[in-house]
Structures are given as structure tokens and as C-alpha cells.
Amino acid sequence: MLDEGFASPGRHKHSSGVEAGVRAVTAAAGLGPAPPAMAELRRQARAAAPDGLIDLSRSEPLPIPLSDECAARVAEGFMRARQYSPPAGLMPVRDAAARYASGRTGLAIDAADVTIVAGAMAGLAVALRALIDPGDEVLVPVPYFHSYPKQVAMLGGVPRLVDTRPLQGELTPAAIERELTPRTRALLLCNPANPAGVLLDRQRLAAILAVLPADVAVIADEVYAEYVYAAADARSTRGDASVLAVAAEEDAGREVVSLDTASKTAAMPGWRVGSAVGTPGLTPRLARAAATLSGAPGTLAQLAYGAWLDDPPQLDRMAPYRPRLRDALDALHAGGLTVRPPDGSYYVWASAPPGAADADASSDGPTAAPIAVGDGSTTPSGTSNGNAAPAFGATDTALELARRSGVLVWPGILFGDSRSVRISLSVPRRELRDGVIRFTDSWREVREGDISISRSRR
């Protein structure tokens, strides 16, 4: 059972062995074995494409300017790494993160409400550890960032999947209401969404919070908040907002954690550092959870992150992505794929039309296919199964198309949707154009029966 100091007061407790509990909740949620890591898929794809691979599965953003102050701050504080950082992070870095978050959200955020974490994935684990008890349910919209359901299960929770595919990734209050139960403890919300790229504005966020009981917390993964295609004035008019700001207006006493990371905000994935901003009073639980799970991030990474937050570059970071997005959309539409133009992130979420060489398709349309939560290699996750046609977003399909086209995309099965793939725009523009055309041409051959896909051997 979790330490009483972590979970929220008054919540129910459920005792079980840790490993047995993870197995039990994983089975209850319908989650299969862990999917093959994307690093392993990349290794297999490179081996299968000896003439070179265009990697459209990458997660790193395009570089942005980095101040010399980041390196200077690390050099000046180098010997500080001889001591452990406090669990909530170095106070100057918490101050810098609070100022940055205040500017982004419009709230007066205090350093006392900031915990420095080892990136957004670690921040999610810390937030789950602080907010849920074993057996608590966490709402996870589908498609989801690939680690979400497993992280919920690993921390003893039960991921309850909320299908957003009928609206191409847009989460609605009605979809949430269908999945609410007395055991619901939190909503895990990525905004803008990875992989679908959907951005929920202030009005839609308020409508979602309105259907959640006040004791249901929100963990807001907002790492792509700076990656929005609309210009700043249009975003202000439309009412883009952080979940923290909307919850403050709601004034229901709801617990909220907003996650940010240098991997995206500073375009420095190797730093492995970020922030978790909590509603007042939540930070002590987050810090205790961090101390238990991982401790604070490395001191030198914190110093670099703090320097970046103190003086972020003033630029239109979407400028290089807009022409890439136009190129990708043109090629994907020409290839017969269905795409909802993203509001944010630097990905494109492309889907095969229902019934087009999809083992899960039926005449009922896009809502008929079950949510794919297996290991990406067996039905219903959509790989070849006897005479069945391959699913567009299966791992075997991705590997076979990489072998034939020399292009790798991220298979949607790992995001819970076997009909879709995620394509990154953070590659050279010529590679992107060439890669998308080669990928769609190879998929057309599969769809029309010119080539077949069989189960890969791992």
C-alpha cells in the first residue's frame, strides 16, 4: 500500500504486492505485453534498409537557438554536482520555472508550487504516485502517448481508455462522461495532443472540467504548449489556455499538475529535465513522490534548464514547421490517407480510410475497430493473421514498409490505434517530402494487393 503521505487524504486504499498488482491492473485494463520499444523498431528498420533510412518516427524537435549562458551556468556551478539536489529541485531553477510558467499561463505561480523533475515522463510518474492509490482509475484518451497506460498500471492505477477516434483525436465531455465511475481519480490530458495534434481551447477545457467531479485530478501534459501553428494574436483571440488557468477559474479546489520539459520547450531532449507545476499545497506530495521514485534530476541539467528559462529565445518556433506541414499534408492526401491538420505539436497523425486493408475495419465505420492495446504484433492490434489484411498502423506493417521504401514511421498501434501512424516533421524538408511519397506509394501497393506482409520475427 502506498505511503499515506503520497495519495490525497481520504482516498480508499487497496493492499497488494507491487508486481502482482501491476499484472492484475494490466490484465483488467486489457493491456497486453509491453510493446516493442521504438528504439528496437528503429534498429530493425535500419537493418532492413541497408541503403539508408529516412526516419519519420523521431520525437526530437528541430533545434532552436541556445544561449551561451546555459553552458556558462553549468561551468560556474560545476562543483555543486558534488551534492545531491533537494527532491523538489534547486530553488533558483524552481524560481525560473515559476516565472516561465506564470508567463505562459497568466497565473501568479510561486516557486513553492514547482517541482523540478527528470523530464515529462518522470513528471508523470511522480504525479501519479502523488495522486492515486492502487485500484484508482485514470482516464486516458486514445490515441495516447505510448507510455501512458503502462505508467498508470505500473503505479498501481487502472487505465480507463476514452476513445477520441470518432472525432479524430478531439476529447469531448460526452466521451469522458461515458467512462466516469466512482473509482475515477484522475484525467491524464495531453494538450496539444501527442500524437493527434488536437489543441483544446479554454472553452473546451472548461466544458471538460465541468463534467469531472471536483475530486478527480487532472494531470496536464503540456509539453507542446509552445508548438502551436496559430499566430500569437489568433491564439489569444481563440482563448488558448493552460489547464491550470482554467481550473483556477473553475475554483472547485481541483488538484492539477501541469508538466513541461526541456526536451520540447528548450529543444534539448538530452538534458532530461522539466517541471511539474501543481495547484497550491500539492508540491510536498510531489516532492516526496520524486524522492521515492528517482530523486531530483542531475544538478548540471537543472542549471542549464534554469539558465534557458531565465532568457528563452524570442522566435516563431513554428516557422520551419509550417511549410513542412503543407508538404506532408499534400503528399498524404495524394496517397489516399485521412489527416486532420494538427493544431499543435510537430507531428502529423495519418489514418487509413475504414475498410482499406484493415483487419479491424467493418461497415460500421471508424468507431467499429477496437482500441488497440496489445503488443503491436497480434490481432486485434492488426498485423497479418492468416489471410487477413495487415493493419496500417501495425508494427509489422511499419517494418515491412521501411524495408521496401526506406522510410520509418511510428506505428499507431503503440498509441492505441492500429489504423494510424505518426509522422514527424522535424526532419530536413526534402527528406520529409521524399519520405512521405515513398511511404504512401509502398502502402498503396499493400492496399492494392501488390505486396503482402507477414508476421516479422523478433
# chains A, B, ... in the order shown; residues from 1 in each chain; ligands from 1
>>> select_by_dssp(residues="region 263-445 of chain A", states="strand (DSSP E or B)", output="list of chain:residue names")
A:Gly274, A:Ser275, A:Ala276, A:Val277, A:Gly278, A:Thr338, A:Val339, A:Gly344, A:Tyr347, A:Val348, A:Trp349, A:Ala350, A:Ser351, A:Asn385, A:Ala388, A:Val407, A:Leu408, A:Trp410, A:Pro411, A:Ser420, A:Val421, A:Arg422, A:Ile423, A:Ser424
>>> write_last_selection(atoms="C-alpha atoms", output="PDB file, in the first residue's frame")
ATOM      1  CA  GLY A 274      11.490  19.512 -16.728  1.00  0.00           C
ATOM      2  CA  SER A 275       8.948  20.868 -14.293  1.00  0.00           C
ATOM      3  CA  ALA A 276       5.734  19.814 -12.591  1.00  0.00           C
ATOM      4  CA  VAL A 277       3.626  22.797 -11.541  1.00  0.00           C
ATOM      5  CA  GLY A 278       0.949  21.840  -9.052  1.00  0.00           C
ATOM      6  CA  THR A 338      -7.082  10.673 -43.931  1.00  0.00           C
ATOM      7  CA  VAL A 339      -5.482  13.513 -41.983  1.00  0.00           C
ATOM      8  CA  GLY A 344      -0.131  21.896 -32.447  1.00  0.00           C
ATOM      9  CA  TYR A 347       3.611  15.593 -35.891  1.00  0.00           C
ATOM     10  CA  VAL A 348       1.005  14.542 -38.413  1.00  0.00           C
ATOM     11  CA  TRP A 349      -1.418  11.783 -37.431  1.00  0.00           C
ATOM     12  CA  ALA A 350      -2.448   9.966 -40.606  1.00  0.00           C
ATOM     13  CA  SER A 351      -5.072   7.227 -40.842  1.00  0.00           C
ATOM     14  CA  ASN A 385      -3.167 -13.127 -39.382  1.00  0.00           C
ATOM     15  CA  ALA A 388      -6.387 -11.181 -43.008  1.00  0.00           C
ATOM     16  CA  VAL A 407      11.110   5.143 -44.611  1.00  0.00           C
ATOM     17  CA  LEU A 408      10.103   4.505 -40.990  1.00  0.00           C
ATOM     18  CA  TRP A 410       5.807   5.444 -35.775  1.00  0.00           C
ATOM     19  CA  PRO A 411       3.102   2.738 -35.907  1.00  0.00           C
ATOM     20  CA  SER A 420      -2.976   5.258 -37.923  1.00  0.00           C
ATOM     21  CA  VAL A 421       0.682   6.285 -37.958  1.00  0.00           C
ATOM     22  CA  ARG A 422       2.580   9.273 -36.575  1.00  0.00           C
ATOM     23  CA  ILE A 423       4.865  11.195 -38.910  1.00  0.00           C
ATOM     24  CA  SER A 424       7.399  13.690 -37.586  1.00  0.00           C
TER      25      SER A 424
END
>>> residues_around(residues="region 95-112 of chain A", least_positions_apart="4", cutoff="10 Å", atoms="only C-alpha atoms", output="count of residues only")
35
>>> residues_around(residues="Asn191 (chain A)", least_positions_apart="3", cutoff="7 Å", atoms="only C-alpha atoms", output="list in words")
Leu199, Leu200, Asp221 and Glu222 of chain A
>>> residues_around(residues="Met318 (chain A)", least_positions_apart="3", cutoff="8 Å", atoms="only C-alpha atoms", output="list in words")
Tyr227, Val228, Tyr229, Tyr321 and Arg322 of chain A
>>> write_last_selection(atoms="N, CA, C and O atoms", output="mmCIF file, in the first residue's frame")
data_model
loop_
_atom_site.group_PDB
_atom_site.id
_atom_site.type_symbol
_atom_site.label_atom_id
_atom_site.label_comp_id
_atom_site.auth_asym_id
_atom_site.auth_seq_id
_atom_site.Cartn_x
_atom_site.Cartn_y
_atom_site.Cartn_z
ATOM 1 N N TYR A 227 4.298 24.758 -29.178
ATOM 2 C CA TYR A 227 4.284 24.295 -30.566
ATOM 3 C C TYR A 227 2.853 24.338 -31.098
ATOM 4 O O TYR A 227 2.187 23.315 -31.239
ATOM 5 N N VAL A 228 2.379 25.546 -31.376
ATOM 6 C CA VAL A 228 1.017 25.758 -31.859
ATOM 7 C C VAL A 228 1.097 26.567 -33.147
ATOM 8 O O VAL A 228 1.808 27.572 -33.217
ATOM 9 N N TYR A 229 0.372 26.122 -34.186
ATOM 10 C CA TYR A 229 0.509 26.729 -35.511
ATOM 11 C C TYR A 229 -0.093 28.121 -35.604
ATOM 12 O O TYR A 229 0.391 28.962 -36.343
ATOM 13 N N TYR A 321 8.171 24.670 -39.392
ATOM 14 C CA TYR A 321 7.241 23.543 -39.486
ATOM 15 C C TYR A 321 6.091 23.803 -40.455
ATOM 16 O O TYR A 321 5.535 22.855 -41.028
ATOM 17 N N ARG A 322 5.698 25.058 -40.638
ATOM 18 C CA ARG A 322 4.523 25.341 -41.477
ATOM 19 C C ARG A 322 4.709 24.857 -42.916
ATOM 20 O O ARG A 322 3.820 24.182 -43.453
#
>>> closest_residue(among="A:Thr299, A:Ala334, A:Glu445, A:Thr440", to="Tyr84 (chain A)", atoms="only C-alpha atoms")
A:Thr299
>>> closest_residue(among="A:Pro323, A:Arg433, A:Ser426, A:Val446", to="Phe392 (chain A)", atoms="only C-alpha atoms")
A:Val446
>>> select_by_dssp(residues="region 185-430 of chain A", states="helix (DSSP H, G or I)", output="ChimeraX atom specification")
/A:202-211,232-238,243-250,262-265,269-271,283-293,299-310,321-334,395-405,412-415,429-430
>>> atom_distance(atom1="CA of Phe145 (chain A)", atom2="CA of Leu128 (chain A)")
15.3 Å
>>> residues_around(residues="Arg419 (chain A)", least_positions_apart="3", cutoff="8 Å", atoms="only C-alpha atoms", output="number ranges by chain")
A: 351-352, 358, 391-394, 412-413
>>> closest_residue(among="A:Ala127, A:Val409, A:Leu189, A:Ile437", to="His333 (chain A)", atoms="only C-alpha atoms")
A:Ile437
>>> closest_residue(among="A:Ala220, A:Leu414, A:Leu53, A:Ala207", to="Lys150 (chain A)", atoms="only C-alpha atoms")
A:Leu414
>>> closest_residue(among="A:Arg129, A:Arg42, A:Arg202, A:Arg272", to="Asp55 (chain A)", atoms="only C-alpha atoms")
A:Arg42
>>> atom_distance(atom1="CA of Leu180 (chain A)", atom2="CA of Thr164 (chain A)")
14.8 Å
>>> residues_around(residues="Ser405 (chain A)", least_positions_apart="3", cutoff="9 Å", atoms="only C-alpha atoms", output="mmCIF file with N, CA and C atoms, in the first residue's frame")
data_model
loop_
_atom_site.group_PDB
_atom_site.id
_atom_site.type_symbol
_atom_site.label_atom_id
_atom_site.label_comp_id
_atom_site.auth_asym_id
_atom_site.auth_seq_id
_atom_site.Cartn_x
_atom_site.Cartn_y
_atom_site.Cartn_z
ATOM 1 N N ALA A 49 16.915 -1.834 -44.113
ATOM 2 C CA ALA A 49 17.058 -0.842 -45.189
ATOM 3 C C ALA A 49 18.524 -0.430 -45.285
ATOM 4 N N LEU A 53 17.947 4.988 -44.280
ATOM 5 C CA LEU A 53 16.592 5.078 -43.756
ATOM 6 C C LEU A 53 16.235 6.540 -43.501
ATOM 7 N N GLU A 400 7.866 -3.646 -42.573
ATOM 8 C CA GLU A 400 7.878 -4.073 -43.976
ATOM 9 C C GLU A 400 7.942 -2.875 -44.916
ATOM 10 N N LEU A 401 7.199 -1.832 -44.602
ATOM 11 C CA LEU A 401 7.239 -0.639 -45.444
ATOM 12 C C LEU A 401 8.600 0.056 -45.331
ATOM 13 N N ALA A 402 9.225 -0.016 -44.159
ATOM 14 C CA ALA A 402 10.573 0.532 -44.033
ATOM 15 C C ALA A 402 11.551 -0.253 -44.904
ATOM 16 N N LEU A 408 10.719 5.023 -42.212
ATOM 17 C CA LEU A 408 10.103 4.505 -40.990
ATOM 18 C C LEU A 408 9.196 5.557 -40.384
ATOM 19 N N GLY A 435 10.278 11.184 -48.242
ATOM 20 C CA GLY A 435 9.895 10.074 -47.378
ATOM 21 C C GLY A 435 8.404 9.804 -47.384
ATOM 22 N N ARG A 438 7.386 8.176 -50.742
ATOM 23 C CA ARG A 438 7.819 6.778 -50.810
ATOM 24 C C ARG A 438 6.994 5.896 -49.888
ATOM 25 N N PHE A 439 6.703 6.397 -48.694
ATOM 26 C CA PHE A 439 5.895 5.618 -47.746
ATOM 27 C C PHE A 439 4.485 5.376 -48.281
ATOM 28 N N ASP A 441 3.433 5.477 -51.367
ATOM 29 C CA ASP A 441 3.473 4.613 -52.549
ATOM 30 C C ASP A 441 3.568 3.144 -52.147
ATOM 31 N N SER A 442 4.414 2.850 -51.157
ATOM 32 C CA SER A 442 4.546 1.465 -50.698
ATOM 33 C C SER A 442 3.263 0.983 -50.040
#
>>> residues_around(residues="Leu161 (chain A)", least_positions_apart="4", cutoff="6 Å", atoms="only C-alpha atoms", output="mmCIF file with N, CA and C atoms, in the first residue's frame")
data_model
loop_
_atom_site.group_PDB
_atom_site.id
_atom_site.type_symbol
_atom_site.label_atom_id
_atom_site.label_comp_id
_atom_site.auth_asym_id
_atom_site.auth_seq_id
_atom_site.Cartn_x
_atom_site.Cartn_y
_atom_site.Cartn_z
ATOM 1 N N LEU A 139 -8.409 8.212 -16.325
ATOM 2 C CA LEU A 139 -8.925 8.337 -17.688
ATOM 3 C C LEU A 139 -7.782 8.678 -18.634
ATOM 4 N N VAL A 140 -7.640 7.879 -19.700
ATOM 5 C CA VAL A 140 -6.565 8.067 -20.669
ATOM 6 C C VAL A 140 -7.180 8.143 -22.059
ATOM 7 N N PRO A 141 -7.239 9.334 -22.672
ATOM 8 C CA PRO A 141 -7.788 9.437 -24.027
ATOM 9 C C PRO A 141 -6.941 8.664 -25.037
#
